[in-house]
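Only one structure is covered here, and it is reproduced in the block below.
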Protein chains: 2
Amino acid sequence: MTENAPHRVETSRKTIRVLDALREHGSSSVTFLARELEMNKSTVHNHLSTLEAEKFVVRDGTDYELSLRLLGFGGYVQHRHPLYQVAKREVHRLASQTGELANLMVEEYGQGVYLASEQGERAVDLDIYPGLRRPLHAIGLGKAILAHLSPERVDDIIDEHGLPAETDQTITDRAELDAQLATVRDRGYAVDNEELIRGLRCVGAPIIAKDGTVLGAISVSQPVSRMNNERFTDEVPDIVQSAANVIELHANH
Amino acid sequence: MTENAPHRVETSRKTIRVLDALREHGSSSVTFLARELEMNKSTVHNHLSTLEAEKFVVRDGTDYELSLRLLGFGGYVQHRHPLYQVAKREVHRLASQTGELANLMVEEYGQGVYLASEQGERAVDLDIYPGLRRPLHAIGLGKAILAHLSPERVDDIIDEHGLPAETDQTITDRAELDAQLATVRDRGYAVDNEELIRGLRCVGAPIIAKDGTVLGAISVSQPVSRMNNERFTDEVPDIVQSAANVIELHANH
DNA sequence: ACAGCTGTTCTACTCGATGGAACAAACTAT
DNA sequence: ATAGTTTGTTCCATCGAGTAGAACAGCTGT
């Protein structure tokens, strides 16, 4: 038992570690996972057998991989999420209206989680999928959310996750971040300028509930080549903000 | 240890049972789950603490519910699924072209699993989401798949799952099913006529790989009121089949 | 104030997860 | 072919850890 941790089930943590490893490495064999996780071969085998019996993994010959049963859990969580239900259509509309990539994000455990991601006709292909987690400070979506969390909450989050640099444009200075968050609050939307991925610009608007708490954020991402400064500072922000407003109306019944 | 089951990790099964219960009942308290699962209160508490530490569940005051971390696994599984990658755009196109509900299904463990589900402008709202499982025999999508599995495989599946009646239109007779599957093979698409849900018609076409194995099926569902017999037997099948053909082309590189 | 709920903590017991060795099956290389 | 290496799987004894039950604390309503 580590430190002051209460009574935890160590065995189940091992099972979760196996699942995590399968997600990180894709289809894997018993011995590979045993080496990777520094667990005994027979232990890994037992856990995989259990997961297979429970249909959480499928075996492809000698390798195991995550099964669609996990999609059942994931789809369920997404489907029943209150913000997803009201925002789904707007994300869709935003993607087809702009032809670009539209995303919906919420905060959980101090990280940004994509709740929905929809590609328009000419959208960039970014390997973004629902459930993917990204640091909040490095993307427009995340800054839109951070700007409307309580200062204590922002402190906690940065204490836990820091301000890692994703590209050379990422904000890594706390004062700089605070300044940007103030700007976001003023003008109502956030941007990121190749902060997570080089060549990509993104405009995000917060979704605020009637009691003032931030529910999430919605954004449009497009290559710098297709977003000149005018679109970047005028047109796109308007579109994204009005989508956020529509969602706010639905969210507040 | 039950029967001839090899060495399984019983503790992890309990954790999985907790997750299942949370999915079935939604947000739940410790004592509720303990009663439901016939486990000791403290045992449930330990498992939930573990799941919370691993961020698989979030607590909302005294209740626990499934977290977005599960969406991470689910989204990953969906995103990396080979059929999803090639079929995604066609499902999208089918939904906007018809304005109705378009679905993509694959078979896993003898059940039909929705891989994608997209609503067009006037589509019915069916509580279908990616990862949801349905019996193969009761839906057009499922019959499109069954028709192209090997006879032994079909036998195995029916041995395991039977032919439960979802509505009074569901096929529950094996001979009747075989006859329908033969028809599906002949004309290239499958239908269901209020077999899963009353008032809903569905046309599904199989997606076949170049080696003859069935990869999945794609469908359009709409209310009987909007699908007269002509559309049901001519127009819609054509649209769905051509979408399936496009996917087959992409799947075969 | 008291009874009846919760969730949580503690502890002793014993069940079962674990790691190591032994096994079989599949491949490689000589 | 045969020997050698690597795989997945099974077996088994040990001891670590999950479990159940009781005790505690915090809350609600009458």
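The chains in the structure tokens are called A, B, ... from first to last as shown; in each chain the residues are counted from 1, and the ligands are counted from 1 in the order shown.
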
Set the cut-off to 6 Å and count only C-alpha atoms: what are the residues of chain A that reach chain B? Output as JSON, numbers by chain.
{"A": [7, 8, 9, 12, 46, 50, 70, 71, 72, 74, 75, 129, 130, 131, 132]}

Residues of chain C within 10 Å of chain B, counting only C-alpha atoms (C1' of nucleotides), as an MDAnalysis selection string:
chainID C and resid 6:9 16:17

Would you mind listing what lies within 6 Å of stretch 122-126 of chain B as JSON, numbers by chain, with only C-alpha atoms (C1' of nucleotides) counted and same-chain residues fewer than 3 positions away left out?
{"B": [99, 100, 101, 119]}

Only all heavy atoms, please: the residues just picked out, written as a JSON list (two decimals), in the first residue's frame.
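again32.json, written as the output of this step:
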```json
[["chain", "number", "residue", "atom", "x", "y", "z"],
["B", 99, "GLY", "N", -31.17, 12.28, -45.41],
["B", 99, "GLY", "CA", -31.79, 13.00, -44.31],
["B", 99, "GLY", "C", -32.22, 12.09, -43.17],
["B", 99, "GLY", "O", -32.78, 12.53, -42.18],
["B", 100, "GLU", "N", -31.95, 10.81, -43.35],
["B", 100, "GLU", "CA", -32.42, 9.85, -42.35],
["B", 100, "GLU", "C", -31.26, 9.34, -41.48],
["B", 100, "GLU", "O", -30.18, 9.92, -41.50],
["B", 100, "GLU", "CB", -33.11, 8.66, -43.05],
["B", 100, "GLU", "CG", -34.26, 9.05, -43.95],
["B", 100, "GLU", "CD", -35.50, 9.49, -43.16],
["B", 100, "GLU", "OE1", -35.50, 9.33, -41.92],
["B", 100, "GLU", "OE2", -36.46, 9.97, -43.78],
["B", 101, "LEU", "N", -31.50, 8.23, -40.78],
["B", 101, "LEU", "CA", -30.50, 7.67, -39.88],
["B", 101, "LEU", "C", -29.64, 6.64, -40.62],
["B", 101, "LEU", "O", -30.16, 5.67, -41.17],
["B", 101, "LEU", "CB", -31.19, 7.00, -38.69],
["B", 101, "LEU", "CG", -30.31, 6.33, -37.64],
["B", 101, "LEU", "CD1", -29.49, 7.38, -36.88],
["B", 101, "LEU", "CD2", -31.16, 5.54, -36.67],
["B", 119, "GLN", "N", -27.12, 10.88, -37.76],
["B", 119, "GLN", "CA", -28.49, 11.30, -38.03],
["B", 119, "GLN", "C", -28.51, 12.39, -39.10],
["B", 119, "GLN", "O", -27.79, 13.38, -38.99],
["B", 119, "GLN", "CB", -29.13, 11.86, -36.76],
["B", 119, "GLN", "CG", -29.27, 10.84, -35.66],
["B", 119, "GLN", "CD", -29.90, 11.44, -34.41],
["B", 119, "GLN", "OE1", -30.89, 12.14, -34.49],
["B", 119, "GLN", "NE2", -29.31, 11.17, -33.28]]
```

May I have the residues of chain D within 8 Å of chain A, counting only C-alpha atoms (C1' of nucleotides), written as an NGL selection string?
:D and (8 or 17-18)

Record the distance separating atom CA of A:Ser225 and atom CA of A:Cys202, expressed in Å with one decimal.
12.4 Å
